[in-house]
Amino acid sequence: MNKNSSNTMALAPNTSSKRETVCIFGTGDFGRALGHKMIQSGYPVVFGSRSTQTSSLIPKGAEVFSHAEAAQKAAIIIIAIQRQHYDFLIPLAEILRGKVLVDVSNNVKINQYPESNAEYLAQLVPGAKVVKAFNTVSAWALQSGTLDASRQVFVCGDDMEAKHMVMAIVRALGLTPVDRGSLLAAQEIENYPLQLFPMWKFPILLSLGLTAFFFFYCLARDVIYPYVYENKDFSFFIAISIPNRICPILALILLALVYLPGVLAAIIQLYRGTKYRRFPDWLDKWMLCRKQLGLVALAFASLHVLYTLIIPIRFFVRWRISSRIVSQALNNKTEPLNTTNAWLSDSYLALGILGFFLFVLLGITSLPSISNNVNWREFRFVQSKLGYLTLILCTAHTLVYGGNRFLSPSSYRWYLPNAYMLSLIVPCIVLVVKFVLIFPCLDKPLTRIRQGWERNPQYSE
């Protein structure tokens with residue numbers, strides 16, 4: 001057997017290739033963690049520090065030199081130092097000329113300086129090739145190896161060769177580089193770690209506001225009103241009954257708000273006669289956070305299911321059932337089965353079960369691991385067609401629950417309707433407008449507009 005066959009050579013590791021030395025300026029937490037990760041990946045690492053004494057904190061296998069000595073030993077230098085200490089680089093400008101400087105710094109607040117830290121570094125050392133990278137990865141993630149939530153590394157720079165060198169290091173560390181363009185993108189990259197759930201801000205604030213409104217609304221109708229006019233203490237409703245009213249209300253309203261911006265966008269496009277004009281900023285932001293609105297709505301719907309499952313074990317419910325049974329026994333009278341109410345009850349539950357099933361399906365398909373495995377037509381079918389079907393079922397679920405109580409005077413306390421009646425306003429508006437938009441007289445021109453046709457091209461922006 002020929003040991004020098006091509007198959008044997010293809011399977012043999014390439015032992016002749018050796019990774020180039022990387023220099024790290026800074027021996028803080030992040031610099032040490034990054035150096036340790038690079039050594040594990042086969043990179044020789046040298047540290048540049050004010051103190052050249054070897055410390056037990058320095059990763060095993062790394063060497064410590066002065067800044068000037070360390071810079072001469074590597075073509076790639078990672079600046080793991082805060083911006084306010086960059087001045088020490090000015091005397092090293094000649095040594096750093098032509099080298100790749102990787103800025104990994106972050107700020108303490110968004111847009112803290114007029115220019116990004118990477119651009120400022122490029123101004124201080126004009127002969128170097130500055131690349132922004134690694135600022136979205138934490139020292140703790142590098143040390144612990146839990147990089148699932150922060151595997152992407154944004155990279156930007158003006159020199160393509162320098163960017164490719166840095167991106168090769170990123171891949172060697174088991175991370176995923178994402179090219180964000182020139183160094184002008186550094187400001188956005190530096191702001192990214194400082195944003196706390198940017199797409200969740202509006203949905204969370206909206207849901208908190210609606211929760212507070214409906215809590216006090218239900219508190220006034222279901223607790224304060226009976227206490228004032230009937231001298232009944234229903235304050236325990238605050239624990240289960242009121243939350244179990246608020247959760248389905250918010251789930252239905254937020255689900256409707258997921259599809260309302262699409263309806264508004266269709267109306268605007270029909271009015272303008274073109275798709276080549278930007279929507280208003282508020283509508284753009286609203287459409288971008290529809291996924292988050294839907295997931296918050298699903299969370300409220302799930303809470304409603306859990307609250308509903310524990311209804312039979314509530315003391316108040318068990319007391320009410322036993323009182324009714326005792327009352328029937330004492331009066332020697334049994335209530336006959338009302339098939340109409342039985343149909344309403346079963347229909348109400350069936351609609352709720354089907355609506356929640358589709359609700360969960362929408363939530364599952366919005367996950368990246370699922371949505372990445374379907375094409376755009378399949379994703380659109382689930383999120384649009386099945387989404388509207390979910391809204392119809394959930395709205396019908398609420399309508400059947402109301403039954404004939406909509407016109408009952410006893411349902412209005414202090415002239416206030418039941419809270420679930422308010423929850424039907426937005427969904428009904430969305431469904432009615434959507435129903436009108438599917439008429440051929442509106443659907444055909446809207447489809448043509450979305451395919452690129454313009455009614456008044458001279459007015460498009």
# chains A, B, ... in the order shown; residues from 1 in each chain; ligands from 1
>>> select_by_dssp(residues="segment 17-144 of chain A", states="alpha helix (DSSP H)", output="VMD selection string")
chain A and resid 29 to 40 67 to 72 93 to 96 117 to 124 139 to 144
>>> residues_around(residues="segment 132-134 of chain A", least_positions_apart="5", cutoff="8 Å", atoms="only C-alpha atoms", output="list in words")
Val102, Asp103, Val104, Ala118, Val153, Phe154, Val155, Cys156, Gly157, Val166, Leu183 and Ala186 of chain A
>>> closest_residue(among="A:Ser322, A:Gln143, A:Ser207, A:Asn372", to="Gln292 of chain A", atoms="only C-alpha atoms")
A:Ser207
>>> select_by_dssp(residues="segment 31-215 of chain A", states="strand (DSSP E or B)", output="mmCIF file with N, CA, C and O atoms, in the first residue's frame")
data_model
loop_
_atom_site.group_PDB
_atom_site.id
_atom_site.type_symbol
_atom_site.label_atom_id
_atom_site.label_comp_id
_atom_site.auth_asym_id
_atom_site.auth_seq_id
_atom_site.Cartn_x
_atom_site.Cartn_y
_atom_site.Cartn_z
ATOM 1 N N VAL A 45 0.671 34.200 21.588
ATOM 2 C CA VAL A 45 0.164 35.472 22.094
ATOM 3 C C VAL A 45 1.223 36.155 22.927
ATOM 4 O O VAL A 45 1.873 35.526 23.784
ATOM 5 N N VAL A 46 1.418 37.448 22.666
ATOM 6 C CA VAL A 46 2.276 38.283 23.509
ATOM 7 C C VAL A 46 1.447 39.443 24.025
ATOM 8 O O VAL A 46 0.564 39.953 23.328
ATOM 9 N N PHE A 47 1.698 39.833 25.253
ATOM 10 C CA PHE A 47 0.996 40.954 25.862
ATOM 11 C C PHE A 47 1.930 42.154 25.945
ATOM 12 O O PHE A 47 3.108 42.018 26.286
ATOM 13 N N GLY A 48 1.389 43.309 25.615
ATOM 14 C CA GLY A 48 2.101 44.561 25.818
ATOM 15 C C GLY A 48 1.554 45.259 27.034
ATOM 16 O O GLY A 48 0.351 45.497 27.127
ATOM 17 N N GLU A 63 3.596 35.552 26.681
ATOM 18 C CA GLU A 63 4.737 36.325 27.156
ATOM 19 C C GLU A 63 4.322 37.774 27.318
ATOM 20 O O GLU A 63 3.417 38.262 26.642
ATOM 21 N N VAL A 64 4.997 38.463 28.237
ATOM 22 C CA VAL A 64 4.693 39.864 28.520
ATOM 23 C C VAL A 64 5.925 40.706 28.200
ATOM 24 O O VAL A 64 7.033 40.419 28.681
ATOM 25 N N PHE A 65 5.714 41.739 27.381
ATOM 26 C CA PHE A 65 6.783 42.661 27.015
ATOM 27 C C PHE A 65 6.281 44.091 27.205
ATOM 28 O O PHE A 65 5.104 44.321 27.537
ATOM 29 N N ILE A 76 -0.708 41.867 13.982
ATOM 30 C CA ILE A 76 -2.049 42.186 14.466
ATOM 31 C C ILE A 76 -1.961 42.510 15.951
ATOM 32 O O ILE A 76 -1.466 41.698 16.748
ATOM 33 N N ILE A 77 -2.449 43.684 16.306
ATOM 34 C CA ILE A 77 -2.388 44.143 17.697
ATOM 35 C C ILE A 77 -3.808 44.453 18.159
ATOM 36 O O ILE A 77 -4.507 45.272 17.551
ATOM 37 N N ILE A 78 -4.219 43.799 19.214
ATOM 38 C CA ILE A 78 -5.558 44.011 19.769
ATOM 39 C C ILE A 78 -5.458 45.018 20.907
ATOM 40 O O ILE A 78 -4.727 44.802 21.882
ATOM 41 N N ILE A 79 -6.213 46.108 20.787
ATOM 42 C CA ILE A 79 -6.165 47.180 21.786
ATOM 43 C C ILE A 79 -7.283 46.935 22.794
ATOM 44 O O ILE A 79 -8.422 47.355 22.602
ATOM 45 N N VAL A 100 -2.088 46.039 11.866
ATOM 46 C CA VAL A 100 -3.543 45.979 12.044
ATOM 47 C C VAL A 100 -3.862 46.197 13.521
ATOM 48 O O VAL A 100 -3.434 45.405 14.372
ATOM 49 N N LEU A 101 -4.593 47.253 13.821
ATOM 50 C CA LEU A 101 -5.004 47.541 15.193
ATOM 51 C C LEU A 101 -6.482 47.179 15.337
ATOM 52 O O LEU A 101 -7.328 47.715 14.618
ATOM 53 N N VAL A 102 -6.777 46.282 16.243
ATOM 54 C CA VAL A 102 -8.157 45.831 16.461
ATOM 55 C C VAL A 102 -8.693 46.513 17.716
ATOM 56 O O VAL A 102 -8.215 46.258 18.824
ATOM 57 N N ASP A 103 -9.658 47.382 17.519
ATOM 58 C CA ASP A 103 -10.263 48.100 18.645
ATOM 59 C C ASP A 103 -11.434 47.283 19.189
ATOM 60 O O ASP A 103 -12.376 46.963 18.465
ATOM 61 N N LYS A 129 -3.792 50.221 10.291
ATOM 62 C CA LYS A 129 -5.045 49.773 9.698
ATOM 63 C C LYS A 129 -5.991 49.363 10.833
ATOM 64 O O LYS A 129 -5.823 48.304 11.440
ATOM 65 N N VAL A 130 -6.952 50.204 11.127
ATOM 66 C CA VAL A 130 -7.821 50.006 12.281
ATOM 67 C C VAL A 130 -9.042 49.180 11.892
ATOM 68 O O VAL A 130 -9.689 49.438 10.873
ATOM 69 N N VAL A 131 -9.331 48.175 12.714
ATOM 70 C CA VAL A 131 -10.501 47.318 12.524
ATOM 71 C C VAL A 131 -11.257 47.258 13.845
ATOM 72 O O VAL A 131 -10.644 47.107 14.911
ATOM 73 N N LYS A 132 -12.574 47.383 13.773
ATOM 74 C CA LYS A 132 -13.414 47.248 14.965
ATOM 75 C C LYS A 132 -13.927 45.820 15.044
ATOM 76 O O LYS A 132 -14.490 45.290 14.068
ATOM 77 N N GLN A 152 -21.968 35.846 17.342
ATOM 78 C CA GLN A 152 -21.679 36.748 16.229
ATOM 79 C C GLN A 152 -20.720 37.851 16.668
ATOM 80 O O GLN A 152 -20.867 38.431 17.746
ATOM 81 N N VAL A 153 -19.747 38.132 15.825
ATOM 82 C CA VAL A 153 -18.783 39.204 16.067
ATOM 83 C C VAL A 153 -18.867 40.172 14.904
ATOM 84 O O VAL A 153 -18.550 39.807 13.768
ATOM 85 N N PHE A 154 -19.305 41.395 15.160
ATOM 86 C CA PHE A 154 -19.382 42.411 14.124
ATOM 87 C C PHE A 154 -17.980 42.953 13.846
ATOM 88 O O PHE A 154 -17.231 43.277 14.767
ATOM 89 N N VAL A 155 -17.656 43.044 12.551
ATOM 90 C CA VAL A 155 -16.336 43.507 12.130
ATOM 91 C C VAL A 155 -16.513 44.619 11.106
ATOM 92 O O VAL A 155 -17.327 44.490 10.180
ATOM 93 N N CYS A 156 -15.767 45.703 11.261
ATOM 94 C CA CYS A 156 -15.789 46.763 10.252
ATOM 95 C C CYS A 156 -14.408 47.393 10.161
ATOM 96 O O CYS A 156 -13.633 47.385 11.128
ATOM 97 N N GLY A 157 -14.096 47.944 9.001
ATOM 98 C CA GLY A 157 -12.801 48.582 8.765
ATOM 99 C C GLY A 157 -12.686 49.028 7.333
ATOM 100 O O GLY A 157 -13.411 48.540 6.457
ATOM 101 N N THR A 176 -18.564 33.631 14.810
ATOM 102 C CA THR A 176 -19.060 33.935 13.466
ATOM 103 C C THR A 176 -18.840 35.403 13.150
ATOM 104 O O THR A 176 -19.484 36.269 13.754
ATOM 105 N N PRO A 177 -17.947 35.731 12.229
ATOM 106 C CA PRO A 177 -17.747 37.137 11.875
ATOM 107 C C PRO A 177 -18.853 37.658 10.973
ATOM 108 O O PRO A 177 -19.333 36.947 10.093
ATOM 109 N N VAL A 178 -19.257 38.894 11.199
ATOM 110 C CA VAL A 178 -20.271 39.552 10.377
ATOM 111 C C VAL A 178 -19.674 40.865 9.890
ATOM 112 O O VAL A 178 -19.409 41.775 10.685
ATOM 113 N N ASP A 179 -19.441 40.954 8.587
ATOM 114 C CA ASP A 179 -18.839 42.152 7.999
ATOM 115 C C ASP A 179 -19.880 43.266 7.941
ATOM 116 O O ASP A 179 -20.883 43.146 7.242
#
>>> closest_atom_pairs(of="segment 57-138 of chain A", to="segment 22-36 of chain A", cutoff="9 Å", atoms="only C-alpha atoms", output="JSON lines")
{"residue": "A:Leu57", "atom": "CA", "partner": "A:Arg32", "partner_atom": "CA", "distance": 7.6}
{"residue": "A:Ile58", "atom": "CA", "partner": "A:Arg32", "partner_atom": "CA", "distance": 6.3}
{"residue": "A:Pro59", "atom": "CA", "partner": "A:His36", "partner_atom": "CA", "distance": 5.4}
{"residue": "A:Lys60", "atom": "CA", "partner": "A:His36", "partner_atom": "CA", "distance": 7.7}
{"residue": "A:Gly61", "atom": "CA", "partner": "A:His36", "partner_atom": "CA", "distance": 8.8}
{"residue": "A:Ala62", "atom": "CA", "partner": "A:Gly35", "partner_atom": "CA", "distance": 7.8}
{"residue": "A:His67", "atom": "CA", "partner": "A:Phe25", "partner_atom": "CA", "distance": 7.0}
{"residue": "A:Ala70", "atom": "CA", "partner": "A:Cys23", "partner_atom": "CA", "distance": 6.2}
{"residue": "A:Ala71", "atom": "CA", "partner": "A:Cys23", "partner_atom": "CA", "distance": 6.5}
{"residue": "A:Gln72", "atom": "CA", "partner": "A:Cys23", "partner_atom": "CA", "distance": 9.0}
{"residue": "A:Lys73", "atom": "CA", "partner": "A:Cys23", "partner_atom": "CA", "distance": 7.4}
{"residue": "A:Ala74", "atom": "CA", "partner": "A:Val22", "partner_atom": "CA", "distance": 5.4}
{"residue": "A:Ala75", "atom": "CA", "partner": "A:Val22", "partner_atom": "CA", "distance": 7.1}
{"residue": "A:Ile76", "atom": "CA", "partner": "A:Val22", "partner_atom": "CA", "distance": 5.5}
{"residue": "A:Ile77", "atom": "CA", "partner": "A:Cys23", "partner_atom": "CA", "distance": 4.6}
{"residue": "A:Ile78", "atom": "CA", "partner": "A:Ile24", "partner_atom": "CA", "distance": 4.7}
{"residue": "A:Ile79", "atom": "CA", "partner": "A:Phe25", "partner_atom": "CA", "distance": 5.0}
{"residue": "A:Ala80", "atom": "CA", "partner": "A:Gly26", "partner_atom": "CA", "distance": 5.1}
{"residue": "A:Ile81", "atom": "CA", "partner": "A:Gly26", "partner_atom": "CA", "distance": 5.6}
{"residue": "A:Ser138", "atom": "CA", "partner": "A:Phe30", "partner_atom": "CA", "distance": 7.2}
>>> closest_atom_pairs(of="segment 190-275 of chain A", to="segment 380-392 of chain A", cutoff="8 Å", atoms="only C-alpha atoms", output="JSON lines")
{"residue": "A:Leu252", "atom": "CA", "partner": "A:Leu391", "partner_atom": "CA", "distance": 7.5}
{"residue": "A:Leu255", "atom": "CA", "partner": "A:Leu391", "partner_atom": "CA", "distance": 6.9}
{"residue": "A:Ala256", "atom": "CA", "partner": "A:Leu391", "partner_atom": "CA", "distance": 6.8}
{"residue": "A:Tyr259", "atom": "CA", "partner": "A:Tyr388", "partner_atom": "CA", "distance": 7.9}
>>> write_last_selection(atoms="N, CA, C and O atoms", output="compact mmCIF listing (two decimals), in the first residue's frame")
# COMPACT_ATOMS: atom_id res chain seq x y z
N LEU A 252 -55.40 39.31 23.06
CA LEU A 252 -56.19 39.61 21.87
C LEU A 252 -55.83 40.97 21.29
O LEU A 252 -55.67 41.12 20.08
N LEU A 255 -52.31 40.82 19.74
CA LEU A 255 -52.36 40.07 18.48
C LEU A 255 -52.94 40.91 17.37
O LEU A 255 -52.45 40.89 16.22
N ALA A 256 -53.98 41.66 17.67
CA ALA A 256 -54.56 42.56 16.66
C ALA A 256 -53.58 43.64 16.26
O ALA A 256 -53.50 44.03 15.08
N TYR A 259 -51.20 42.85 13.37
CA TYR A 259 -51.69 42.91 11.99
C TYR A 259 -52.25 44.27 11.61
O TYR A 259 -52.46 44.53 10.42
>>> closest_residue(among="A:Ala220, A:Leu354, A:Ile253, A:Ile110", to="Gln187 of chain A", atoms="only C-alpha atoms")
A:Ile110
>>> atom_distance(atom1="atom CA of Ile249 of chain A", atom2="atom CA of Ser423 of chain A")
5.4 Å
>>> closest_residue(among="A:Leu367, A:Val317, A:Gln269, A:Tyr412", to="Arg455 of chain A", atoms="only C-alpha atoms")
A:Gln269
>>> atom_distance(atom1="atom CA of Leu442 of chain A", atom2="atom CA of Asp281 of chain A")
25.1 Å
>>> atom_distance(atom1="atom CA of Ser49 of chain A", atom2="atom CA of Lys109 of chain A")
27.1 Å
>>> residues_around(residues="Leu89 of chain A", least_positions_apart="3", cutoff="9 Å", atoms="only C-alpha atoms", output="list in words")
His67, His85, Tyr86, Leu92, Ala93, Leu96, Leu121, Leu124 and Val125 of chain A
>>> write_last_selection(atoms="N, CA, C and O atoms", output="short mmCIF file (atom, residue, chain, number, x, y, z; two decimals), in the first residue's frame")
data_model
loop_
_atom_site.label_atom_id
_atom_site.label_comp_id
_atom_site.auth_asym_id
_atom_site.auth_seq_id
_atom_site.Cartn_x
_atom_site.Cartn_y
_atom_site.Cartn_z
N HIS A 67 5.19 47.72 25.62
CA HIS A 67 4.32 47.96 24.46
C HIS A 67 5.12 47.97 23.16
O HIS A 67 4.69 47.38 22.14
N HIS A 85 -7.32 55.97 27.64
CA HIS A 85 -5.90 55.64 27.82
C HIS A 85 -5.18 55.43 26.48
O HIS A 85 -4.07 54.89 26.46
N TYR A 86 -5.80 55.85 25.38
CA TYR A 86 -5.18 55.64 24.06
C TYR A 86 -3.95 56.52 23.82
O TYR A 86 -3.20 56.26 22.89
N LEU A 92 4.17 55.47 19.87
CA LEU A 92 4.41 54.21 19.16
C LEU A 92 3.94 54.25 17.71
O LEU A 92 3.90 53.22 17.03
N ALA A 93 3.58 55.45 17.21
CA ALA A 93 2.98 55.58 15.89
C ALA A 93 3.87 54.99 14.79
O ALA A 93 3.38 54.34 13.86
N LEU A 96 3.81 51.19 14.92
CA LEU A 96 2.50 50.65 14.55
C LEU A 96 2.13 50.90 13.09
O LEU A 96 1.07 50.43 12.65
N LEU A 121 -9.17 56.13 17.29
CA LEU A 121 -7.90 55.40 17.25
C LEU A 121 -7.21 55.58 15.90
O LEU A 121 -5.98 55.75 15.84
N LEU A 124 -5.47 58.90 15.90
CA LEU A 124 -4.25 58.94 16.72
C LEU A 124 -3.08 58.24 16.03
O LEU A 124 -1.94 58.69 16.13
N VAL A 125 -3.37 57.13 15.34
CA VAL A 125 -2.32 56.36 14.67
C VAL A 125 -2.67 56.27 13.19
O VAL A 125 -3.18 55.23 12.71
#
>>> residues_around(residues="Val137 of chain A", least_positions_apart="2", cutoff="8 Å", atoms="only C-alpha atoms", output="PyMOL selection string")
chain A and resi 134-135+139+141-142+150-151+153
